[in-house]
Amino acid sequence: MSLALDQTGVNYQLKPSENVLTKRKALGRLQDNREVNIVWGMTSPQREKDLLPIRILIFKGLIGWRLLLIRKDMAERFTYIQQLDHLIKLSPLQGRDWPDTKILQSNGFNVNTERTQTALMKMLGNAQGDFSPRSIIEVWGELDKSPVVNQIQIQPSLGIRYPAAIYYFVNKKSVPVANIIESGLEKAIKNAKFDALFKENYQAYIDKAQLENRTFYQLENNFLPEKTPLDRKELWFDGEIKTAKKTE
């Protein structure tokens, strides 16, 4: 956000919310125009109906590149997965209100849900699910904080991916604010500062994921709003990877 506003020359002061809010509460207060003015989150048709999106992908789609947290005692079983249909027979764990849950369900997965990431990790450790797909930019931090860290590992050879866009959102009435942010982001894209900041923050995670050594199963995301900028290739990360599609 600072990068975008710096490009515009606008005087501003960014302040975090004084209260710690869940994503759901933050988006609700943004819609009600109370307490918060800007929230970032994964887009969906309902969110774009309720709020005003700035359609520049903050993480260049990395949120849709998922590695698999698994129990260590399941490691051998995952070595036998040779196609997406094999993975679909296992049960993933996801947040109850997360957009990713619907994406997985629509691709044939039987998803087990809970409200918090901590609860999901405990479920995984208790064998109440087989794996938890987490994005490249989330997975290591969440593993380090896991209450069952000694039982969990990142599966080394597989992943899933689907197009997913995280935007900044503002209140529907905040059109001038949205225009300023969008203008700053577009300028940063043109002068390469956007890509430089992306690499500064996320290249280490990309390298650590060793994408070239993984097979990624491509999923469909049937919940992308119509105006998602899929044709703007400069907005999306696209690594050199092995991909496999669902068998018919």
# chains A, B, ... in the order shown; residues from 1 in each chain; ligands from 1
$ closest_atom_pairs --of "range 48-96 of chain A" --to "range 214-227 of chain A" --cutoff "9 Å" --atoms "only C-alpha atoms" --output "tab-separated table"
residue	atom	partner	partner_atom	distance
A:Glu48	CA	A:Pro225	CA	7.7
A:Arg55	CA	A:Lys227	CA	8.3
A:Trp65	CA	A:Phe216	CA	8.6
A:Arg66	CA	A:Phe216	CA	8.5
A:Leu67	CA	A:Phe216	CA	8.9
A:Gln83	CA	A:Tyr217	CA	7.8
A:Leu84	CA	A:Tyr217	CA	6.2
$ write_last_selection --atoms "N, CA and C atoms" --output "mmCIF file, in the first residue's frame"
data_model
loop_
_atom_site.group_PDB
_atom_site.id
_atom_site.type_symbol
_atom_site.label_atom_id
_atom_site.label_comp_id
_atom_site.auth_asym_id
_atom_site.auth_seq_id
_atom_site.Cartn_x
_atom_site.Cartn_y
_atom_site.Cartn_z
ATOM 1 N N GLU A 48 -17.068 -8.630 -4.334
ATOM 2 C CA GLU A 48 -17.079 -7.538 -5.306
ATOM 3 C C GLU A 48 -18.455 -6.887 -5.395
ATOM 4 N N ARG A 55 -8.417 -3.981 -8.790
ATOM 5 C CA ARG A 55 -8.077 -5.265 -9.406
ATOM 6 C C ARG A 55 -6.619 -5.359 -9.860
ATOM 7 N N TRP A 65 -1.008 -20.788 -5.276
ATOM 8 C CA TRP A 65 0.038 -21.818 -5.393
ATOM 9 C C TRP A 65 0.164 -22.480 -4.021
ATOM 10 N N ARG A 66 -0.260 -23.742 -3.928
ATOM 11 C CA ARG A 66 -0.411 -24.392 -2.630
ATOM 12 C C ARG A 66 0.520 -25.579 -2.455
ATOM 13 N N LEU A 67 1.226 -25.577 -1.330
ATOM 14 C CA LEU A 67 1.973 -26.744 -0.899
ATOM 15 C C LEU A 67 1.127 -27.486 0.132
ATOM 16 N N GLN A 83 -1.712 -38.949 -9.864
ATOM 17 C CA GLN A 83 -2.640 -38.101 -10.603
ATOM 18 C C GLN A 83 -3.604 -37.449 -9.617
ATOM 19 N N LEU A 84 -4.294 -36.442 -10.108
ATOM 20 C CA LEU A 84 -5.169 -35.664 -9.230
ATOM 21 C C LEU A 84 -6.261 -36.519 -8.609
#
$ residues_around --residues "Pro53 in chain A" --least-positions-apart "6" --cutoff "12 Å" --atoms "only C-alpha atoms" --output "MDAnalysis selection string"
chainID A and resid 27 30:31 38:47 165:175 177:179 181:182 225 227:229
$ write_last_selection --atoms "C-alpha atoms" --output "PDB file, in the first residue's frame"
ATOM      1  CA  LEU A  27     -14.693  -6.836   5.636  1.00  0.00           C
ATOM      2  CA  LEU A  30     -15.437  -1.911   5.747  1.00  0.00           C
ATOM      3  CA  GLN A  31     -18.808  -2.511   4.108  1.00  0.00           C
ATOM      4  CA  ILE A  38      -8.954  -0.516   3.345  1.00  0.00           C
ATOM      5  CA  VAL A  39      -8.841  -4.310   3.661  1.00  0.00           C
ATOM      6  CA  TRP A  40      -7.027  -6.839   1.504  1.00  0.00           C
ATOM      7  CA  GLY A  41      -8.470 -10.250   0.813  1.00  0.00           C
ATOM      8  CA  MET A  42      -9.243 -12.888  -1.800  1.00  0.00           C
ATOM      9  CA  THR A  43     -11.842 -11.773  -4.285  1.00  0.00           C
ATOM     10  CA  SER A  44     -15.194 -13.455  -4.855  1.00  0.00           C
ATOM     11  CA  PRO A  45     -18.409 -12.427  -6.620  1.00  0.00           C
ATOM     12  CA  GLN A  46     -20.023 -11.593  -3.272  1.00  0.00           C
ATOM     13  CA  ARG A  47     -17.095  -9.501  -2.064  1.00  0.00           C
ATOM     14  CA  ALA A 165      -6.693 -12.994  -6.780  1.00  0.00           C
ATOM     15  CA  ILE A 166      -6.098 -10.978  -3.638  1.00  0.00           C
ATOM     16  CA  TYR A 167      -6.944  -7.295  -3.955  1.00  0.00           C
ATOM     17  CA  TYR A 168      -7.260  -4.219  -1.824  1.00  0.00           C
ATOM     18  CA  PHE A 169     -10.926  -3.462  -1.154  1.00  0.00           C
ATOM     19  CA  VAL A 170     -12.527  -0.197  -0.100  1.00  0.00           C
ATOM     20  CA  ASN A 171     -16.079   0.855   0.657  1.00  0.00           C
ATOM     21  CA  LYS A 172     -18.364   1.227  -2.367  1.00  0.00           C
ATOM     22  CA  LYS A 173     -18.568   4.968  -1.724  1.00  0.00           C
ATOM     23  CA  SER A 174     -14.783   5.432  -1.582  1.00  0.00           C
ATOM     24  CA  VAL A 175     -14.272   5.790  -5.336  1.00  0.00           C
ATOM     25  CA  VAL A 177      -9.580   6.463  -2.667  1.00  0.00           C
ATOM     26  CA  ALA A 178      -9.829   3.473  -5.001  1.00  0.00           C
ATOM     27  CA  ASN A 179      -8.749   5.613  -7.957  1.00  0.00           C
ATOM     28  CA  ILE A 181      -4.596   3.403  -5.039  1.00  0.00           C
ATOM     29  CA  GLU A 182      -5.155   1.970  -8.519  1.00  0.00           C
ATOM     30  CA  PRO A 225     -15.661 -12.738 -10.842  1.00  0.00           C
ATOM     31  CA  LYS A 227     -13.764  -8.885 -14.332  1.00  0.00           C
ATOM     32  CA  THR A 228     -10.770 -10.801 -12.940  1.00  0.00           C
ATOM     33  CA  PRO A 229      -7.819  -9.647 -15.118  1.00  0.00           C
TER      34      PRO A 229
END
$ residues_around --residues "Trp98 in chain A" --least-positions-apart "3" --cutoff "10 Å" --atoms "only C-alpha atoms" --output "list in words"
Lys23, Arg24, Met42, Gln94, Gly95, Thr101, Lys102, Ile103, Thr113, Glu114 and Arg115 of chain A
$ write_last_selection --atoms "C-alpha atoms" --output "PDB file, in the first residue's frame"
ATOM      1  CA  LYS A  23     -11.011 -11.085   8.000  1.00  0.00           C
ATOM      2  CA  ARG A  24     -14.765 -11.555   8.109  1.00  0.00           C
ATOM      3  CA  MET A  42      -9.243 -12.888  -1.800  1.00  0.00           C
ATOM      4  CA  GLN A  94      -9.529 -25.574   5.182  1.00  0.00           C
ATOM      5  CA  GLY A  95     -11.130 -22.662   6.998  1.00  0.00           C
ATOM      6  CA  THR A 101     -12.948 -24.226   0.618  1.00  0.00           C
ATOM      7  CA  LYS A 102     -15.524 -23.790  -2.138  1.00  0.00           C
ATOM      8  CA  ILE A 103     -12.800 -24.048  -4.784  1.00  0.00           C
ATOM      9  CA  THR A 113     -13.367 -27.344   7.998  1.00  0.00           C
ATOM     10  CA  GLU A 114     -12.708 -25.375  11.167  1.00  0.00           C
ATOM     11  CA  ARG A 115     -12.695 -21.680  12.007  1.00  0.00           C
TER      12      ARG A 115
END
$ residues_around --residues "Leu90 in chain A" --least-positions-apart "6" --cutoff "10 Å" --atoms "only C-alpha atoms" --output "list in words"
Phe78, Phe109, Asn110, Val111, Gly129, Asp130 and Phe131 of chain A
$ residues_around --residues "Leu197 in chain A" --least-positions-apart "4" --cutoff "12 Å" --atoms "only C-alpha atoms" --output "PyMOL selection string"
chain A and resi 1-4+58-60+185+188-189+191-193+201-203
$ residues_around --residues "Lys72 in chain A" --least-positions-apart "4" --cutoff "8 Å" --atoms "only C-alpha atoms" --output "number ranges by chain"
A: 151-153
$ closest_residue --among "A:Leu69, A:Asn19, A:Gly239, A:Gly64" --to "Gly141 in chain A" --atoms "only C-alpha atoms"
A:Leu69
$ closest_residue --among "A:Leu211, A:Leu104, A:Leu68, A:Leu57" --to "Ile154 in chain A" --atoms "only C-alpha atoms"
A:Leu68
$ atom_distance --atom1 "CA of Leu51 in chain A" --atom2 "CA of Val36 in chain A"
12.6 Å
$ atom_distance --atom1 "CA of Pro99 in chain A" --atom2 "CA of Glu142 in chain A"
18.5 Å
$ closest_residue --among "A:Ala204, A:Ile88, A:Met121, A:Ala26" --to "Ile70 in chain A" --atoms "only C-alpha atoms"
A:Met121
$ decode --residues "range 187-208 of chain A" --atoms "C-alpha atoms" --output "PDB file, in the first residue's frame"
ATOM      1  CA  LYS A 187       2.480   3.401 -12.060  1.00  0.00           C
ATOM      2  CA  ALA A 188       4.538   1.035  -9.909  1.00  0.00           C
ATOM      3  CA  ILE A 189       3.906  -1.767 -12.400  1.00  0.00           C
ATOM      4  CA  LYS A 190       5.089   0.385 -15.296  1.00  0.00           C
ATOM      5  CA  ASN A 191       8.269   1.554 -13.575  1.00  0.00           C
ATOM      6  CA  ALA A 192       9.053  -1.994 -12.321  1.00  0.00           C
ATOM      7  CA  LYS A 193       8.913  -1.040  -8.640  1.00  0.00           C
ATOM      8  CA  PHE A 194       5.961  -3.381  -8.139  1.00  0.00           C
ATOM      9  CA  ASP A 195       7.936  -6.388  -9.391  1.00  0.00           C
ATOM     10  CA  ALA A 196      10.989  -5.316  -7.394  1.00  0.00           C
ATOM     11  CA  LEU A 197       8.948  -5.223  -4.187  1.00  0.00           C
ATOM     12  CA  PHE A 198       7.352  -8.572  -5.031  1.00  0.00           C
ATOM     13  CA  LYS A 199      10.763 -10.210  -5.464  1.00  0.00           C
ATOM     14  CA  GLU A 200      12.113  -8.576  -2.325  1.00  0.00           C
ATOM     15  CA  ASN A 201       9.282 -10.002  -0.230  1.00  0.00           C
ATOM     16  CA  TYR A 202       8.497 -13.347  -1.881  1.00  0.00           C
ATOM     17  CA  GLN A 203      11.376 -14.608  -4.019  1.00  0.00           C
ATOM     18  CA  ALA A 204      12.908 -16.386  -1.038  1.00  0.00           C
ATOM     19  CA  TYR A 205       9.657 -18.326  -0.507  1.00  0.00           C
ATOM     20  CA  ILE A 206       9.477 -19.214  -4.209  1.00  0.00           C
ATOM     21  CA  ASP A 207      13.060 -20.490  -4.157  1.00  0.00           C
ATOM     22  CA  LYS A 208      12.456 -22.445  -0.948  1.00  0.00           C
TER      23      LYS A 208
END
